Amino acid sequence: MHLRRSLATATALGCVLAGALTLHATSAQAAPAVQVWLTTADGTAKLARQPDIAFGATALARNVVVSPAETHQTMAGFGASITGASASLIAAMPKTRRNALMADLFQTAGLNYLRQPIGATDFNRTADFYTYDDGAADPDLSRFSVQRDEIENILPLVRQARQLNPALKVMGSPWSAPAWMKDSNNLNGGSLKSEYVATYADYLVKFVQAYGAAGVPVDDLTVQNEPLFPTSYPSMAMSSEQQAELIKLLDAKLTAAGLNTRIWAYDHNWDRPDYPLDVFSRVGNLPRLVGAAFHCYGGQVSAQQQVVNAGRRVMFTECSGTDSAATFADTLMWHAENLFIQNARNGGESTITWNLALNPSGGPHQGHCSNRCNGVVEINGSRYTRNAEYYVLSHAARFVKPGAVRVGSTSSAEVQNVAFVNPDGSRVLVALNTTTSAQPFSVTENDRAFASSLPARSMATYTWPAPSGTPGGVLSRTGWTATASVSAAGDAPARVLDGDESTRWSTGQAQANGQWFQVDLGQARTFSTLRLTSAGGDEPRGFQVYASDDPQSWGAAIASGTGAATTTVSFPAQTKRYLRIVQTGSAGNWWSIHELNLYS
């Protein structure tokens, strides 16, 4: 983290409309109901359940059109970082209070993603900074150990978070290589020596292995936090050219170690999207390098779209709120708008803030942060307070489930919003009013609508079940299994159902007529649309789709065509248990599928 982005100063609000949502519906009998949760900038409502709304309204002049058939990115999760500072405060709480806090964060709030520093940061418990191999030069990494993270209570708390929320994912991000690998011979500032690039790749592989052995699988990696900001705490400058070189070496070493951890480029501010784009161009087609990670301390969130337009994915991985004249209100508004709604609308698959917990002084911290940084919660001895960051994250994490897909929704300056379809088909709309007056609006999906009014400076989450028989509902893949006629080593059919676009099933051999991929839905389900994603060039040259209740008898094909990077096939509604896709073309390329979804 470097100089913190200041939130907008508070404005005189005059007579602020806050409190319960104003609800409108023309039919109290309409079903199903829309559930609503509200948070206001003045704090009178904090994730407060509001009266349900019935469908049956007439669309208003300001109308949000939700379009489930318009699909965008799959969401990864929402969370923060258990830094050394956070761990020291949480671990010092009495056990019953500590357990209550952890349950609040990882069950009630639903946090399901942690970005964990690899070694010390500016938010260390003390100025005794560390990596996992400190001391004299050790090219063989014979001293490598993550024991310090056990001592600092970081690993025990991450393990507890995983126990509370088994869906939790973890990203590792280093602030600095060991000092002996750097031209400064110091953890603060400096650059990685060229002769140690391969050793540093080994160091990161050892981190993934050690954390996995400690009960914390690492799903994602960045290779350098804020590579354009060497400073007076653990940090390291890294050019895009050097980062590309490191990523290519790291990919080979992770593959040799049998690890599936994804790599994300950059991990710095919105103001330099050219950096990750240059990394991509230098690395080329490397499936493990899936996209870029961004921070909030410079530039505009819309810069993320450049990465999306380049065919890559986006993670938002750090932003710390700071004090202002009206800290709760300003943080709620700015984070809800930029870190969640606009981040998601510009391709972001995650919203990850910074420290999970800090004390009333915004610490412990070891540099910068002159306006007092804030955590998701503030801990004062045995007591904790939920900050605005908690409520913004909760409005997302409690309702937008892992594997949810962002779908189309019309947005306006008065009612900014973003919409999702969960794996079970349920809908989620998060709406924000940053203006100083209430904003009435309606929401329509196909031929049904509901109406509401957002109080001044407030955010709300709306949820409703998928309409029966309405196209566009993503079927839950719980209980599904996949098989194939042939599979490459390491590219198991199950990877098509894991919610991760960076993994895949592939044939491991040239495309040939008769190869097939099959899904057992566990029970008969009704569906009318199939969506497949494949790596460019590995789509099927020709295919037929079959559905059946008997995997030994398939009958006539229900659809056919040629594949693309994203292939969407619609057909008459089927209520069947088994789905089979059969290759009818041929090519020297492998046939691969990264993700398969069915829609009602």
# chains A, B, ... in the order shown; residues from 1 in each chain; ligands from 1
>>> select_by_dssp(residues="stretch 382-569 of chain A", states="helix (DSSP H, G or I)", output="number ranges by chain")
A: 388-397, 493-497
>>> residues_around(residues="stretch 524-528 of chain A", least_positions_apart="4", cutoff="7 Å", atoms="only C-alpha atoms", output="PyMOL selection string")
chain A and resi 570-577+598-600
>>> closest_residue(among="A:Pro68, A:Gly542, A:Gly490, A:Gly555", to="A:Val428", atoms="only C-alpha atoms")
A:Pro68
>>> residues_around(residues="A:Gly321", least_positions_apart="6", cutoff="7 Å", atoms="only C-alpha atoms", output="list in words")
Thr331, Cys373 and Asn374 of chain A
>>> residues_around(residues="A:Ser458", least_positions_apart="2", cutoff="6 Å", atoms="only C-alpha atoms", output="VMD selection string")
chain A and resid 39 to 41 432 to 433 455 to 456
>>> write_last_selection(atoms="C-alpha atoms", output="short mmCIF file (atom, residue, chain, number, x, y, z; two decimals), in the first residue's frame")
data_model
loop_
_atom_site.label_atom_id
_atom_site.label_comp_id
_atom_site.auth_asym_id
_atom_site.auth_seq_id
_atom_site.Cartn_x
_atom_site.Cartn_y
_atom_site.Cartn_z
CA THR A 39 -27.59 0.56 4.77
CA THR A 40 -27.73 4.36 5.01
CA ALA A 41 -24.79 6.75 5.15
CA LEU A 432 -26.62 2.70 -4.69
CA ASN A 433 -27.95 6.24 -4.33
CA PRO A 455 -33.21 6.89 0.61
CA ALA A 456 -30.62 9.62 0.11
#
>>> closest_residue(among="A:Pro227, A:Gly347, A:Gly215, A:Gly299", to="A:Val405", atoms="only C-alpha atoms")
A:Gly347
>>> closest_residue(among="A:Val283, A:Asp52, A:Tyr390, A:Asp323", to="A:Gly362", atoms="only C-alpha atoms")
A:Asp323
>>> residues_around(residues="A:Arg143", least_positions_apart="4", cutoff="10 Å", atoms="only C-alpha atoms", output="ChimeraX atom specification")
/A:132-135,138-139
>>> closest_residue(among="A:Asp183, A:Asp491, A:Glu389, A:Glu445", to="A:Phe78", atoms="only C-alpha atoms")
A:Glu389
>>> select_by_dssp(residues="stretch 122-298 of chain A", states="strand (DSSP E or B)", output="ChimeraX atom specification")
/A:169-174,182,188,191-192,220-222,234,237,262-269,289-295
>>> write_last_selection(atoms="C-alpha atoms", output="PDB file, in the first residue's frame")
ATOM      1  CA  LYS A 169     -10.187 -18.806  -1.276  1.00  0.00           C
ATOM      2  CA  VAL A 170      -6.694 -17.432  -0.661  1.00  0.00           C
ATOM      3  CA  MET A 171      -4.352 -15.293  -2.751  1.00  0.00           C
ATOM      4  CA  GLY A 172      -0.695 -14.816  -1.856  1.00  0.00           C
ATOM      5  CA  SER A 173       1.031 -11.483  -2.599  1.00  0.00           C
ATOM      6  CA  PRO A 174       4.685 -10.668  -1.702  1.00  0.00           C
ATOM      7  CA  LYS A 182      17.889  -7.537  -3.987  1.00  0.00           C
ATOM      8  CA  ASN A 188      12.698  -1.767   2.001  1.00  0.00           C
ATOM      9  CA  SER A 191      14.906  -4.317  -7.021  1.00  0.00           C
ATOM     10  CA  LEU A 192      15.296  -8.029  -7.615  1.00  0.00           C
ATOM     11  CA  ASP A 220      -4.018 -17.387  -6.626  1.00  0.00           C
ATOM     12  CA  LEU A 221      -0.703 -15.548  -6.680  1.00  0.00           C
ATOM     13  CA  THR A 222       0.569 -12.138  -7.645  1.00  0.00           C
ATOM     14  CA  PRO A 234       8.989  -3.949   2.708  1.00  0.00           C
ATOM     15  CA  ALA A 237      10.421  -2.261  -7.687  1.00  0.00           C
ATOM     16  CA  ARG A 262      -3.316 -19.135 -10.871  1.00  0.00           C
ATOM     17  CA  ILE A 263      -1.075 -16.102 -11.518  1.00  0.00           C
ATOM     18  CA  TRP A 264      -2.274 -12.491 -11.774  1.00  0.00           C
ATOM     19  CA  ALA A 265      -0.120  -9.684 -13.157  1.00  0.00           C
ATOM     20  CA  TYR A 266       0.493  -6.180 -11.808  1.00  0.00           C
ATOM     21  CA  ASP A 267      -1.255  -5.818  -8.367  1.00  0.00           C
ATOM     22  CA  HIS A 268      -1.124  -2.019  -8.374  1.00  0.00           C
ATOM     23  CA  ASN A 269      -3.207   1.062  -9.165  1.00  0.00           C
ATOM     24  CA  LEU A 289      -1.579 -16.140 -16.221  1.00  0.00           C
ATOM     25  CA  VAL A 290      -5.277 -15.362 -16.151  1.00  0.00           C
ATOM     26  CA  GLY A 291      -5.443 -11.598 -15.707  1.00  0.00           C
ATOM     27  CA  ALA A 292      -4.444  -8.546 -13.670  1.00  0.00           C
ATOM     28  CA  ALA A 293      -5.005  -7.332 -10.109  1.00  0.00           C
ATOM     29  CA  PHE A 294      -5.737  -3.689  -9.291  1.00  0.00           C
ATOM     30  CA  HIS A 295      -5.630  -1.276  -6.320  1.00  0.00           C
TER      31      HIS A 295
END
>>> closest_residue(among="A:Asp330, A:Glu150, A:Asp122, A:Asp202", to="A:Ala87", atoms="only C-alpha atoms")
A:Glu150
>>> residues_around(residues="A:Arg97", least_positions_apart="4", cutoff="8 Å", atoms="only C-alpha atoms", output="PyMOL selection string")
chain A and resi 93+101+382-383
>>> atom_distance(atom1="atom CA of A:His365", atom2="atom CA of A:Pro156")
21.0 Å
>>> atom_distance(atom1="atom CA of A:Val216", atom2="atom CA of A:Leu254")
16.6 Å
>>> residues_around(residues="A:Pro273", least_positions_apart="4", cutoff="8 Å", atoms="only C-alpha atoms", output="ChimeraX atom specification")
/A:277,303-304,306-307
>>> closest_residue(among="A:Ala137, A:Phe420, A:Val36, A:Asn225", to="A:Asn185", atoms="only C-alpha atoms")
A:Ala137
>>> atom_distance(atom1="atom CA of A:Met102", atom2="atom CA of A:Arg115")
16.2 Å
